[in-house]
>>> print(open('start-v2.cif').read())   # mmCIF, C-alpha atoms and all ligand atoms; chains and numbers go by the auth columns
data_my_file
loop_
_atom_site.group_PDB
_atom_site.id
_atom_site.type_symbol
_atom_site.label_atom_id
_atom_site.label_comp_id
_atom_site.label_asym_id
_atom_site.label_seq_id
_atom_site.Cartn_x
_atom_site.Cartn_y
_atom_site.Cartn_z
_atom_site.B_iso_or_equiv
_atom_site.auth_seq_id
_atom_site.auth_asym_id
ATOM 1 C CA MET A 1 24.424 -105.067 -176.631 0.00 217 A
ATOM 2 C CA LYS A 2 21.708 -103.734 -178.929 0.00 218 A
ATOM 3 C CA LEU A 3 19.207 -105.996 -180.642 0.00 219 A
ATOM 4 C CA TYR A 4 17.542 -104.815 -183.850 0.00 220 A
ATOM 5 C CA TYR A 5 14.068 -105.975 -183.087 0.00 221 A
ATOM 6 C CA SER A 6 10.509 -106.375 -184.355 0.00 222 A
ATOM 7 C CA PRO A 7 7.712 -107.723 -182.122 0.00 223 A
ATOM 8 C CA THR A 8 6.196 -109.696 -185.012 0.00 224 A
ATOM 9 C CA SER A 9 9.418 -111.322 -186.250 0.00 225 A
ATOM 10 C CA PRO A 10 9.548 -115.017 -185.326 0.00 226 A
ATOM 11 C CA TYR A 11 13.339 -115.004 -185.793 0.00 227 A
ATOM 12 C CA VAL A 12 13.651 -112.180 -183.264 0.00 228 A
ATOM 13 C CA ARG A 13 11.342 -114.148 -180.988 0.00 229 A
ATOM 14 C CA LYS A 14 13.826 -117.051 -180.927 0.00 230 A
ATOM 15 C CA VAL A 15 16.447 -114.641 -179.596 0.00 231 A
ATOM 16 C CA MET A 16 14.039 -113.124 -177.052 0.00 232 A
ATOM 17 C CA ILE A 17 13.131 -116.568 -175.694 0.00 233 A
ATOM 18 C CA LEU A 18 16.797 -117.489 -175.401 0.00 234 A
ATOM 19 C CA LEU A 19 17.475 -114.227 -173.541 0.00 235 A
ATOM 20 C CA HIS A 20 14.624 -115.044 -171.115 0.00 236 A
ATOM 21 C CA GLU A 21 15.732 -118.630 -170.606 0.00 237 A
ATOM 22 C CA THR A 22 19.392 -117.759 -170.014 0.00 238 A
ATOM 23 C CA GLY A 23 18.768 -114.705 -167.792 0.00 239 A
ATOM 24 C CA GLN A 24 20.323 -112.174 -170.181 0.00 240 A
ATOM 25 C CA LEU A 25 17.318 -109.985 -170.959 0.00 241 A
ATOM 26 C CA GLY A 26 18.782 -107.064 -169.009 0.00 242 A
ATOM 27 C CA ASP A 27 21.997 -107.138 -171.064 0.00 243 A
ATOM 28 C CA VAL A 28 20.292 -106.171 -174.320 0.00 244 A
ATOM 29 C CA GLU A 29 18.695 -102.898 -175.426 0.00 245 A
ATOM 30 C CA LEU A 30 15.906 -103.366 -177.977 0.00 246 A
ATOM 31 C CA LEU A 31 15.986 -101.110 -181.052 0.00 247 A
ATOM 32 C CA SER A 32 12.764 -101.179 -183.021 0.00 248 A
ATOM 33 C CA ALA A 33 13.384 -101.901 -186.734 0.00 249 A
ATOM 34 C CA GLN A 34 10.299 -102.369 -188.917 0.00 250 A
ATOM 35 C CA THR A 35 11.822 -103.724 -192.081 0.00 251 A
ATOM 36 C CA SER A 36 10.759 -105.428 -195.291 0.00 252 A
ATOM 37 C CA PRO A 37 12.494 -106.407 -198.547 0.00 253 A
ATOM 38 C CA LEU A 38 10.998 -103.319 -200.240 0.00 254 A
ATOM 39 C CA ALA A 39 11.527 -100.903 -197.366 0.00 255 A
ATOM 40 C CA PRO A 40 14.622 -101.674 -195.284 0.00 256 A
ATOM 41 C CA ALA A 41 14.596 -100.005 -191.839 0.00 257 A
ATOM 42 C CA ASP A 42 16.730 -96.879 -191.550 0.00 258 A
ATOM 43 C CA GLY A 43 20.263 -97.727 -190.442 0.00 259 A
ATOM 44 C CA LEU A 44 19.743 -101.505 -190.546 0.00 260 A
ATOM 45 C CA PRO A 45 21.733 -102.215 -193.756 0.00 261 A
ATOM 46 C CA ALA A 46 24.771 -100.588 -192.146 0.00 262 A
ATOM 47 C CA LYS A 47 24.578 -103.189 -189.362 0.00 263 A
ATOM 48 C CA ASN A 48 23.416 -106.195 -191.395 0.00 264 A
ATOM 49 C CA PRO A 49 24.086 -105.957 -195.147 0.00 265 A
ATOM 50 C CA LEU A 50 21.134 -108.329 -195.697 0.00 266 A
ATOM 51 C CA ALA A 51 18.904 -105.709 -193.962 0.00 267 A
ATOM 52 C CA LYS A 52 17.101 -108.306 -191.848 0.00 268 A
ATOM 53 C CA VAL A 53 16.233 -108.608 -188.182 0.00 269 A
ATOM 54 C CA PRO A 54 17.473 -109.844 -185.800 0.00 270 A
ATOM 55 C CA ALA A 55 20.932 -108.245 -185.726 0.00 271 A
ATOM 56 C CA LEU A 56 22.962 -107.980 -182.522 0.00 272 A
ATOM 57 C CA GLU A 57 25.334 -105.057 -182.088 0.00 273 A
ATOM 58 C CA ARG A 58 28.126 -105.815 -179.638 0.00 274 A
ATOM 59 C CA ALA A 59 30.535 -103.499 -177.812 0.00 275 A
ATOM 60 C CA ASP A 60 33.456 -105.879 -178.290 0.00 276 A
ATOM 61 C CA GLY A 61 33.093 -107.169 -181.843 0.00 277 A
ATOM 62 C CA PRO A 62 31.285 -106.847 -185.145 0.00 278 A
ATOM 63 C CA THR A 63 27.487 -106.973 -185.309 0.00 279 A
ATOM 64 C CA LEU A 64 26.157 -110.518 -185.492 0.00 280 A
ATOM 65 C CA TYR A 65 23.247 -111.448 -187.713 0.00 281 A
ATOM 66 C CA ASP A 66 21.066 -114.414 -188.506 0.00 282 A
ATOM 67 C CA SER A 67 19.077 -115.759 -185.562 0.00 283 A
ATOM 68 C CA ARG A 68 21.025 -119.025 -185.498 0.00 284 A
ATOM 69 C CA VAL A 69 24.342 -117.222 -185.134 0.00 285 A
ATOM 70 C CA ILE A 70 22.962 -114.824 -182.522 0.00 286 A
ATOM 71 C CA CYS A 71 21.342 -117.637 -180.514 0.00 287 A
ATOM 72 C CA ALA A 72 24.528 -119.729 -180.538 0.00 288 A
ATOM 73 C CA TYR A 73 26.588 -116.695 -179.472 0.00 289 A
ATOM 74 C CA LEU A 74 24.238 -115.675 -176.655 0.00 290 A
ATOM 75 C CA ASP A 75 23.899 -119.247 -175.425 0.00 291 A
ATOM 76 C CA ALA A 76 27.687 -119.587 -175.174 0.00 292 A
ATOM 77 C CA ARG A 77 27.773 -116.238 -173.355 0.00 293 A
ATOM 78 C CA GLY A 78 24.981 -117.373 -171.004 0.00 294 A
ATOM 79 C CA GLY A 79 26.562 -120.654 -169.935 0.00 295 A
ATOM 80 C CA ASP A 80 25.733 -123.215 -172.651 0.00 296 A
ATOM 81 C CA LYS A 81 22.176 -124.017 -171.634 0.00 297 A
ATOM 82 C CA LEU A 82 20.251 -124.475 -174.880 0.00 298 A
ATOM 83 C CA TYR A 83 22.689 -126.233 -177.239 0.00 299 A
ATOM 84 C CA PRO A 84 23.558 -129.477 -175.448 0.00 300 A
ATOM 85 C CA ALA A 85 26.946 -131.188 -175.774 0.00 301 A
ATOM 86 C CA GLY A 86 27.510 -134.536 -177.484 0.00 302 A
ATOM 87 C CA ALA A 87 25.344 -136.202 -180.129 0.00 303 A
ATOM 88 C CA ARG A 88 22.192 -134.337 -179.054 0.00 304 A
ATOM 89 C CA ARG A 89 23.809 -131.075 -180.155 0.00 305 A
ATOM 90 C CA TRP A 90 23.604 -132.017 -183.847 0.00 306 A
ATOM 91 C CA ASP A 91 19.993 -133.129 -183.446 0.00 307 A
ATOM 92 C CA THR A 92 19.221 -129.823 -181.729 0.00 308 A
ATOM 93 C CA MET A 93 20.800 -127.839 -184.553 0.00 309 A
ATOM 94 C CA THR A 94 18.990 -129.915 -187.204 0.00 310 A
ATOM 95 C CA LEU A 95 15.732 -129.350 -185.366 0.00 311 A
ATOM 96 C CA GLU A 96 16.452 -125.617 -185.221 0.00 312 A
ATOM 97 C CA ALA A 97 17.161 -125.658 -188.980 0.00 313 A
ATOM 98 C CA THR A 98 13.822 -127.415 -189.505 0.00 314 A
ATOM 99 C CA GLY A 99 11.990 -124.732 -187.538 0.00 315 A
ATOM 100 C CA ASP A 100 13.836 -121.992 -189.424 0.00 316 A
ATOM 101 C CA GLY A 101 13.066 -123.707 -192.751 0.00 317 A
ATOM 102 C CA ILE A 102 9.368 -123.696 -191.899 0.00 318 A
ATOM 103 C CA LEU A 103 9.729 -119.996 -191.119 0.00 319 A
ATOM 104 C CA ASP A 104 11.594 -119.218 -194.331 0.00 320 A
ATOM 105 C CA ALA A 105 8.840 -120.849 -196.415 0.00 321 A
ATOM 106 C CA ALA A 106 6.054 -119.245 -194.361 0.00 322 A
ATOM 107 C CA LEU A 107 7.635 -115.784 -194.635 0.00 323 A
ATOM 108 C CA LEU A 108 7.972 -116.153 -198.411 0.00 324 A
ATOM 109 C CA ILE A 109 4.251 -116.946 -198.601 0.00 325 A
ATOM 110 C CA THR A 110 3.501 -113.869 -196.470 0.00 326 A
ATOM 111 C CA TYR A 111 5.660 -111.621 -198.658 0.00 327 A
ATOM 112 C CA GLU A 112 4.168 -113.048 -201.861 0.00 328 A
ATOM 113 C CA ALA A 113 0.654 -112.199 -200.676 0.00 329 A
ATOM 114 C CA ARG A 114 1.501 -108.816 -199.164 0.00 330 A
ATOM 115 C CA MET A 115 4.125 -107.354 -201.443 0.00 331 A
ATOM 116 C CA ARG A 116 3.839 -108.821 -204.906 0.00 332 A
ATOM 117 C CA PRO A 117 1.227 -107.125 -207.095 0.00 333 A
ATOM 118 C CA GLU A 118 -1.814 -109.376 -207.316 0.00 334 A
ATOM 119 C CA ASP A 119 -1.532 -109.982 -211.070 0.00 335 A
ATOM 120 C CA LYS A 120 2.041 -111.238 -210.607 0.00 336 A
ATOM 121 C CA GLN A 121 1.298 -113.693 -207.808 0.00 337 A
ATOM 122 C CA TRP A 122 1.875 -117.363 -208.579 0.00 338 A
ATOM 123 C CA PRO A 123 -0.274 -119.823 -206.567 0.00 339 A
ATOM 124 C CA GLU A 124 1.781 -122.889 -207.631 0.00 340 A
ATOM 125 C CA TRP A 125 4.895 -121.317 -206.148 0.00 341 A
ATOM 126 C CA THR A 126 3.035 -120.484 -202.926 0.00 342 A
ATOM 127 C CA ASP A 127 1.729 -124.070 -202.760 0.00 343 A
ATOM 128 C CA ALA A 128 5.275 -125.354 -203.289 0.00 344 A
ATOM 129 C CA GLN A 129 6.391 -123.315 -200.256 0.00 345 A
ATOM 130 C CA TRP A 130 3.472 -124.734 -198.290 0.00 346 A
ATOM 131 C CA SER A 131 4.496 -128.288 -199.196 0.00 347 A
ATOM 132 C CA LYS A 132 7.856 -127.637 -197.492 0.00 348 A
ATOM 133 C CA ILE A 133 5.960 -126.631 -194.344 0.00 349 A
ATOM 134 C CA SER A 134 3.582 -129.590 -194.429 0.00 350 A
ATOM 135 C CA GLY A 135 6.479 -131.986 -195.146 0.00 351 A
ATOM 136 C CA ALA A 136 8.457 -130.591 -192.232 0.00 352 A
ATOM 137 C CA CYS A 137 5.423 -130.834 -189.901 0.00 353 A
ATOM 138 C CA ALA A 138 4.902 -134.480 -190.935 0.00 354 A
ATOM 139 C CA ALA A 139 8.581 -135.251 -190.285 0.00 355 A
ATOM 140 C CA LEU A 140 8.421 -133.575 -186.868 0.00 356 A
ATOM 141 C CA ASN A 141 5.263 -135.519 -186.046 0.00 357 A
ATOM 142 C CA THR A 142 6.702 -138.899 -187.029 0.00 358 A
ATOM 143 C CA ARG A 143 10.423 -138.647 -186.259 0.00 359 A
ATOM 144 C CA TRP A 144 11.091 -135.900 -183.744 0.00 360 A
ATOM 145 C CA MET A 145 8.557 -136.286 -180.944 0.00 361 A
ATOM 146 C CA SER A 146 10.977 -137.960 -178.550 0.00 362 A
ATOM 147 C CA HIS A 147 13.459 -135.079 -178.941 0.00 363 A
ATOM 148 C CA LEU A 148 10.697 -132.463 -178.728 0.00 364 A
ATOM 149 C CA ASN A 149 9.528 -133.998 -175.443 0.00 365 A
ATOM 150 C CA GLY A 150 13.071 -134.012 -173.994 0.00 366 A
ATOM 151 C CA PRO A 151 14.927 -131.317 -172.027 0.00 367 A
ATOM 152 C CA LEU A 152 14.461 -127.756 -173.279 0.00 368 A
ATOM 153 C CA ASP A 153 16.808 -126.764 -176.096 0.00 369 A
ATOM 154 C CA MET A 154 17.037 -124.339 -179.001 0.00 370 A
ATOM 155 C CA GLY A 155 15.556 -126.847 -181.462 0.00 371 A
ATOM 156 C CA GLN A 156 12.282 -126.938 -179.572 0.00 372 A
ATOM 157 C CA ILE A 157 12.215 -123.150 -179.266 0.00 373 A
ATOM 158 C CA ALA A 158 12.730 -122.712 -183.024 0.00 374 A
ATOM 159 C CA VAL A 159 9.970 -125.199 -183.863 0.00 375 A
ATOM 160 C CA ALA A 160 7.569 -123.521 -181.430 0.00 376 A
ATOM 161 C CA CYS A 161 8.310 -120.068 -182.896 0.00 377 A
ATOM 162 C CA ALA A 162 7.757 -121.473 -186.386 0.00 378 A
ATOM 163 C CA LEU A 163 4.429 -123.151 -185.595 0.00 379 A
ATOM 164 C CA SER A 164 3.257 -120.020 -183.816 0.00 380 A
ATOM 165 C CA TYR A 165 4.115 -117.931 -186.874 0.00 381 A
ATOM 166 C CA VAL A 166 2.239 -120.361 -189.150 0.00 382 A
ATOM 167 C CA ASP A 167 -0.790 -119.932 -186.861 0.00 383 A
ATOM 168 C CA PHE A 168 -0.285 -116.149 -186.859 0.00 384 A
ATOM 169 C CA ARG A 169 -0.140 -115.700 -190.650 0.00 385 A
ATOM 170 C CA HIS A 170 -1.396 -118.926 -192.278 0.00 386 A
ATOM 171 C CA ASP A 171 -3.845 -120.398 -189.805 0.00 387 A
ATOM 172 C CA ALA A 172 -6.352 -121.307 -192.510 0.00 388 A
ATOM 173 C CA ARG A 173 -4.005 -123.870 -194.062 0.00 389 A
ATOM 174 C CA GLY A 174 -4.404 -126.144 -191.024 0.00 390 A
ATOM 175 C CA TRP A 175 -0.897 -127.510 -190.259 0.00 391 A
ATOM 176 C CA ARG A 176 -2.350 -129.611 -187.389 0.00 392 A
ATOM 177 C CA HIS A 177 -4.266 -131.894 -189.767 0.00 393 A
ATOM 178 C CA GLY A 178 -2.667 -135.390 -189.509 0.00 394 A
ATOM 179 C CA ASN A 179 -0.089 -134.147 -186.986 0.00 395 A
ATOM 180 C CA ASP A 180 -1.798 -134.915 -183.678 0.00 396 A
ATOM 181 C CA ALA A 181 1.345 -135.567 -181.633 0.00 397 A
ATOM 182 C CA LEU A 182 3.000 -132.364 -182.822 0.00 398 A
ATOM 183 C CA ALA A 183 -0.190 -130.368 -182.214 0.00 399 A
ATOM 184 C CA ALA A 184 -0.446 -131.724 -178.642 0.00 400 A
ATOM 185 C CA TRP A 185 3.224 -130.946 -177.965 0.00 401 A
ATOM 186 C CA TYR A 186 2.799 -127.416 -179.346 0.00 402 A
ATOM 187 C CA ALA A 187 -0.337 -126.763 -177.249 0.00 403 A
ATOM 188 C CA ASP A 188 1.687 -127.479 -174.085 0.00 404 A
ATOM 189 C CA PHE A 189 4.741 -125.549 -175.226 0.00 405 A
ATOM 190 C CA ALA A 190 2.725 -122.504 -176.312 0.00 406 A
ATOM 191 C CA ALA A 191 1.274 -122.206 -172.797 0.00 407 A
ATOM 192 C CA ARG A 192 4.716 -121.568 -171.246 0.00 408 A
ATOM 193 C CA ASP A 193 5.079 -118.115 -169.697 0.00 409 A
ATOM 194 C CA VAL A 194 7.926 -117.216 -172.038 0.00 410 A
ATOM 195 C CA MET A 195 5.844 -118.070 -175.101 0.00 411 A
ATOM 196 C CA VAL A 196 2.924 -115.989 -173.842 0.00 412 A
ATOM 197 C CA GLN A 197 5.223 -113.056 -172.995 0.00 413 A
ATOM 198 C CA THR A 198 6.850 -113.046 -176.441 0.00 414 A
ATOM 199 C CA ALA A 199 3.712 -113.665 -178.525 0.00 415 A
ATOM 200 C CA PRO A 200 3.250 -111.291 -181.483 0.00 416 A
ATOM 201 C CA PRO A 201 0.729 -108.502 -180.855 0.00 417 A
ATOM 202 C CA VAL A 202 -2.828 -109.346 -181.896 0.00 418 A
ATOM 203 C CA GLY A 203 -3.466 -107.873 -185.354 0.00 419 A
ATOM 204 C CA GLY A 204 0.273 -107.146 -185.798 0.00 420 A
HETATM 205 N N1 LIG B . 17.778 -116.296 -191.655 0.00 501 B
HETATM 206 C C1 LIG B . 17.423 -115.058 -190.984 0.00 501 B
HETATM 207 C C2 LIG B . 16.055 -114.586 -191.458 0.00 501 B
HETATM 208 C C3 LIG B . 15.659 -113.238 -190.835 0.00 501 B
HETATM 209 C C4 LIG B . 14.465 -112.616 -191.548 0.00 501 B
HETATM 210 O O1 LIG B . 14.096 -112.986 -192.682 0.00 501 B
HETATM 211 N N2 LIG B . 13.840 -111.629 -190.887 0.00 501 B
HETATM 212 C C5 LIG B . 12.742 -110.927 -191.506 0.00 501 B
HETATM 213 C C6 LIG B . 11.746 -110.443 -190.459 0.00 501 B
HETATM 214 S S1 LIG B . 10.758 -111.771 -189.859 0.00 501 B
HETATM 215 C C7 LIG B . 13.306 -109.693 -192.192 0.00 501 B
HETATM 216 O O2 LIG B . 14.100 -108.979 -191.613 0.00 501 B
HETATM 217 N N3 LIG B . 12.889 -109.448 -193.440 0.00 501 B
HETATM 218 C C8 LIG B . 13.304 -108.320 -194.197 0.00 501 B
HETATM 219 C C9 LIG B . 13.850 -108.700 -195.551 0.00 501 B
HETATM 220 O O3 LIG B . 13.765 -109.877 -195.949 0.00 501 B
HETATM 221 O O4 LIG B . 14.376 -107.806 -196.212 0.00 501 B
HETATM 222 C C10 LIG B . 17.476 -115.266 -189.475 0.00 501 B
HETATM 223 O O5 LIG B . 17.352 -116.416 -189.025 0.00 501 B
HETATM 224 O O6 LIG B . 17.698 -114.299 -188.738 0.00 501 B
#
>>> encode(input="start-v2.cif", output="structure tokens", more="lines below")
Ligand SMILES: N[C@@H](CCC(=O)N[C@@H](CS)C(=O)NCC(=O)O)C(=O)O
Amino acid sequence: MKLYYSPTSPYVRKVMILLHETGQLGDVELLSAQTSPLAPADGLPAKNPLAKVPALERADGPTLYDSRVICAYLDARGGDKLYPAGARRWDTMTLEATGDGILDAALLITYEARMRPEDKQWPEWTDAQWSKISGACAALNTRWMSHLNGPLDMGQIAVACALSYVDFRHDARGWRHGNDALAAWYADFAARDVMVQTAPPVGG
């Protein structure tokens, strides 16, 4: 399999952590694809019509895209380790969607600041994206701590990748404020070997 990859993409990082945790790292070749909405990576749109990473090219089927699809596929291939069975499965998937939603809002803020000409930027819209992130952090802090402190699953990995990305690009906004339990959980989770090994490059 070939994974269209960027070392700074938090969505790619979800896939990399799953590959580590399920022992499948050696089954995937990494293909570097630096892509952005204004400059899609060469060859990527032919694999993923949305021109986004991650995308997973398979020998025995069409290319998969969207990190949630790729993670679910690779977890099934690797022995069903990170999406539990039963009622906890739906909680895990909702938690993963929460992490991805934080990422979607955070990435939009990044793109607004980096790609939109300065005179066309709209602070109210950026603040509205931030309120999704702060609302999601508050919900995690008040309603999800028991799940976050349970056995490792894809929901926790997605949330950790999201919080790490918020630190990476939007540290100054201070997501930890008022979210002590979540901040303490994240400090422990971020110290795991797999999180350290997949961290985005400094200055990336
Ligand atoms: N929902 C997608 C989002 C992927 C995504 O937005 N990736 C970013 C890199 S972090 C990208 O490829 N952006 C290029 C673009 O939006 O054109 C997923 O979970 O895989």
>>> atom_distance(input="start-v2.cif", atom1="CA of Asp335 (chain A)", atom2="CA of Ala388 (chain A)")
22.3 Å
>>> atom_distance(input="start-v2.cif", atom1="CA of Asp383 (chain A)", atom2="CA of Ala322 (chain A)")
10.2 Å
>>> residues_near_ligand(input="start-v2.cif", ligand="ligand LIG 501 (chain B)", cutoff="9 Å", atoms="only C-alpha atoms and all ligand atoms", output="PDB file with C-alpha atoms, keeping the file's coordinate frame")
ATOM      1  CA  TYR A 221      14.068-105.975-183.087  1.00  0.00           C
ATOM      2  CA  SER A 222      10.509-106.375-184.355  1.00  0.00           C
ATOM      3  CA  THR A 224       6.196-109.696-185.012  1.00  0.00           C
ATOM      4  CA  SER A 225       9.418-111.322-186.250  1.00  0.00           C
ATOM      5  CA  PRO A 226       9.548-115.017-185.326  1.00  0.00           C
ATOM      6  CA  TYR A 227      13.339-115.004-185.793  1.00  0.00           C
ATOM      7  CA  VAL A 228      13.651-112.180-183.264  1.00  0.00           C
ATOM      8  CA  LYS A 230      13.826-117.051-180.927  1.00  0.00           C
ATOM      9  CA  ALA A 249      13.384-101.901-186.734  1.00  0.00           C
ATOM     10  CA  GLN A 250      10.299-102.369-188.917  1.00  0.00           C
ATOM     11  CA  THR A 251      11.822-103.724-192.081  1.00  0.00           C
ATOM     12  CA  SER A 252      10.759-105.428-195.291  1.00  0.00           C
ATOM     13  CA  PRO A 253      12.494-106.407-198.547  1.00  0.00           C
ATOM     14  CA  LEU A 254      10.998-103.319-200.240  1.00  0.00           C
ATOM     15  CA  ALA A 255      11.527-100.903-197.366  1.00  0.00           C
ATOM     16  CA  PRO A 256      14.622-101.674-195.284  1.00  0.00           C
ATOM     17  CA  ALA A 257      14.596-100.005-191.839  1.00  0.00           C
ATOM     18  CA  LEU A 266      21.134-108.329-195.697  1.00  0.00           C
ATOM     19  CA  ALA A 267      18.904-105.709-193.962  1.00  0.00           C
ATOM     20  CA  LYS A 268      17.101-108.306-191.848  1.00  0.00           C
ATOM     21  CA  VAL A 269      16.233-108.608-188.182  1.00  0.00           C
ATOM     22  CA  PRO A 270      17.473-109.844-185.800  1.00  0.00           C
ATOM     23  CA  ALA A 271      20.932-108.245-185.726  1.00  0.00           C
ATOM     24  CA  TYR A 281      23.247-111.448-187.713  1.00  0.00           C
ATOM     25  CA  ASP A 282      21.066-114.414-188.506  1.00  0.00           C
ATOM     26  CA  SER A 283      19.077-115.759-185.562  1.00  0.00           C
ATOM     27  CA  ARG A 284      21.025-119.025-185.498  1.00  0.00           C
ATOM     28  CA  VAL A 285      24.342-117.222-185.134  1.00  0.00           C
ATOM     29  CA  ILE A 286      22.962-114.824-182.522  1.00  0.00           C
ATOM     30  CA  ASP A 316      13.836-121.992-189.424  1.00  0.00           C
ATOM     31  CA  GLY A 317      13.066-123.707-192.751  1.00  0.00           C
ATOM     32  CA  LEU A 319       9.729-119.996-191.119  1.00  0.00           C
ATOM     33  CA  ASP A 320      11.594-119.218-194.331  1.00  0.00           C
ATOM     34  CA  LEU A 323       7.635-115.784-194.635  1.00  0.00           C
ATOM     35  CA  LEU A 324       7.972-116.153-198.411  1.00  0.00           C
ATOM     36  CA  TYR A 327       5.660-111.621-198.658  1.00  0.00           C
TER      37      TYR A 327
END
>>> residues_around(input="start-v2.cif", residues="Gly294 (chain A)", least_positions_apart="3", cutoff="9 Å", atoms="all atoms listed in the file", output="ChimeraX atom specification")
/A:235,238-240,289-291,297
>>> write_last_selection(input="start-v2.cif", atoms="C-alpha atoms", output="PDB file, in the frame of the given file")
ATOM      1  CA  LEU A 235      17.475-114.227-173.541  1.00  0.00           C
ATOM      2  CA  THR A 238      19.392-117.759-170.014  1.00  0.00           C
ATOM      3  CA  GLY A 239      18.768-114.705-167.792  1.00  0.00           C
ATOM      4  CA  GLN A 240      20.323-112.174-170.181  1.00  0.00           C
ATOM      5  CA  TYR A 289      26.588-116.695-179.472  1.00  0.00           C
ATOM      6  CA  LEU A 290      24.238-115.675-176.655  1.00  0.00           C
ATOM      7  CA  ASP A 291      23.899-119.247-175.425  1.00  0.00           C
ATOM      8  CA  LYS A 297      22.176-124.017-171.634  1.00  0.00           C
TER       9      LYS A 297
END
>>> closest_residue(input="start-v2.cif", among="A:Lys218, A:Arg305, A:Arg293, A:His236", to="Arg274 (chain A)", atoms="only C-alpha atoms")
A:Lys218
>>> residues_around(input="start-v2.cif", residues="Cys353 (chain A)", least_positions_apart="5", cutoff="9 Å", atoms="all atoms listed in the file", output="JSON, numbers by chain")
{"A": [318, 348, 358, 379, 391, 392, 395, 398]}
>>> resolve_selection(input="start-v2.cif", expression="the PyMOL selection byres (((chain A and resi 420) around 10) and not hetatm)", output="list in words")
Pro223, Thr224, Phe384, Arg385, Pro416, Pro417, Val418 and Gly419 of chain A
>>> closest_residue(input="start-v2.cif", among="A:Ser248, A:Ser347, A:Thr308, A:Gln337", to="Ala321 (chain A)", atoms="all atoms listed in the file")
A:Ser347
>>> atom_distance(input="start-v2.cif", atom1="CA of Val231 (chain A)", atom2="CA of Asp404 (chain A)")
20.3 Å
>>> closest_residue(input="start-v2.cif", among="A:Leu298, A:Leu311, A:Met361, A:Leu219", to="Asp396 (chain A)", atoms="only C-alpha atoms")
A:Met361
>>> resolve_selection(input="start-v2.cif", expression="the PyMOL selection byres (((chain A and resi 372) around 9) and not hetatm)", output="number ranges by chain")
A: 308, 311-312, 315, 363-365, 368-371, 373-377, 405
>>> write_last_selection(input="start-v2.cif", atoms="C-alpha atoms", output="mmCIF file, in the frame of the given file")
data_model
loop_
_atom_site.group_PDB
_atom_site.id
_atom_site.type_symbol
_atom_site.label_atom_id
_atom_site.label_comp_id
_atom_site.auth_asym_id
_atom_site.auth_seq_id
_atom_site.Cartn_x
_atom_site.Cartn_y
_atom_site.Cartn_z
ATOM 1 C CA THR A 308 19.221 -129.823 -181.729
ATOM 2 C CA LEU A 311 15.732 -129.350 -185.366
ATOM 3 C CA GLU A 312 16.452 -125.617 -185.221
ATOM 4 C CA GLY A 315 11.990 -124.732 -187.538
ATOM 5 C CA HIS A 363 13.459 -135.079 -178.941
ATOM 6 C CA LEU A 364 10.697 -132.463 -178.728
ATOM 7 C CA ASN A 365 9.528 -133.998 -175.443
ATOM 8 C CA LEU A 368 14.461 -127.756 -173.279
ATOM 9 C CA ASP A 369 16.808 -126.764 -176.096
ATOM 10 C CA MET A 370 17.037 -124.339 -179.001
ATOM 11 C CA GLY A 371 15.556 -126.847 -181.462
ATOM 12 C CA ILE A 373 12.215 -123.150 -179.266
ATOM 13 C CA ALA A 374 12.730 -122.712 -183.024
ATOM 14 C CA VAL A 375 9.970 -125.199 -183.863
ATOM 15 C CA ALA A 376 7.569 -123.521 -181.430
ATOM 16 C CA CYS A 377 8.310 -120.068 -182.896
ATOM 17 C CA PHE A 405 4.741 -125.549 -175.226
#
>>> closest_residue(input="start-v2.cif", among="A:Leu356, A:Met217, A:Ala415, A:Leu280", to="Trp401 (chain A)", atoms="only C-alpha atoms")
A:Leu356
>>> closest_residue(input="start-v2.cif", among="A:Ala301, A:Leu260, A:Ala313, A:Ile325", to="Glu340 (chain A)", atoms="only C-alpha atoms")
A:Ile325
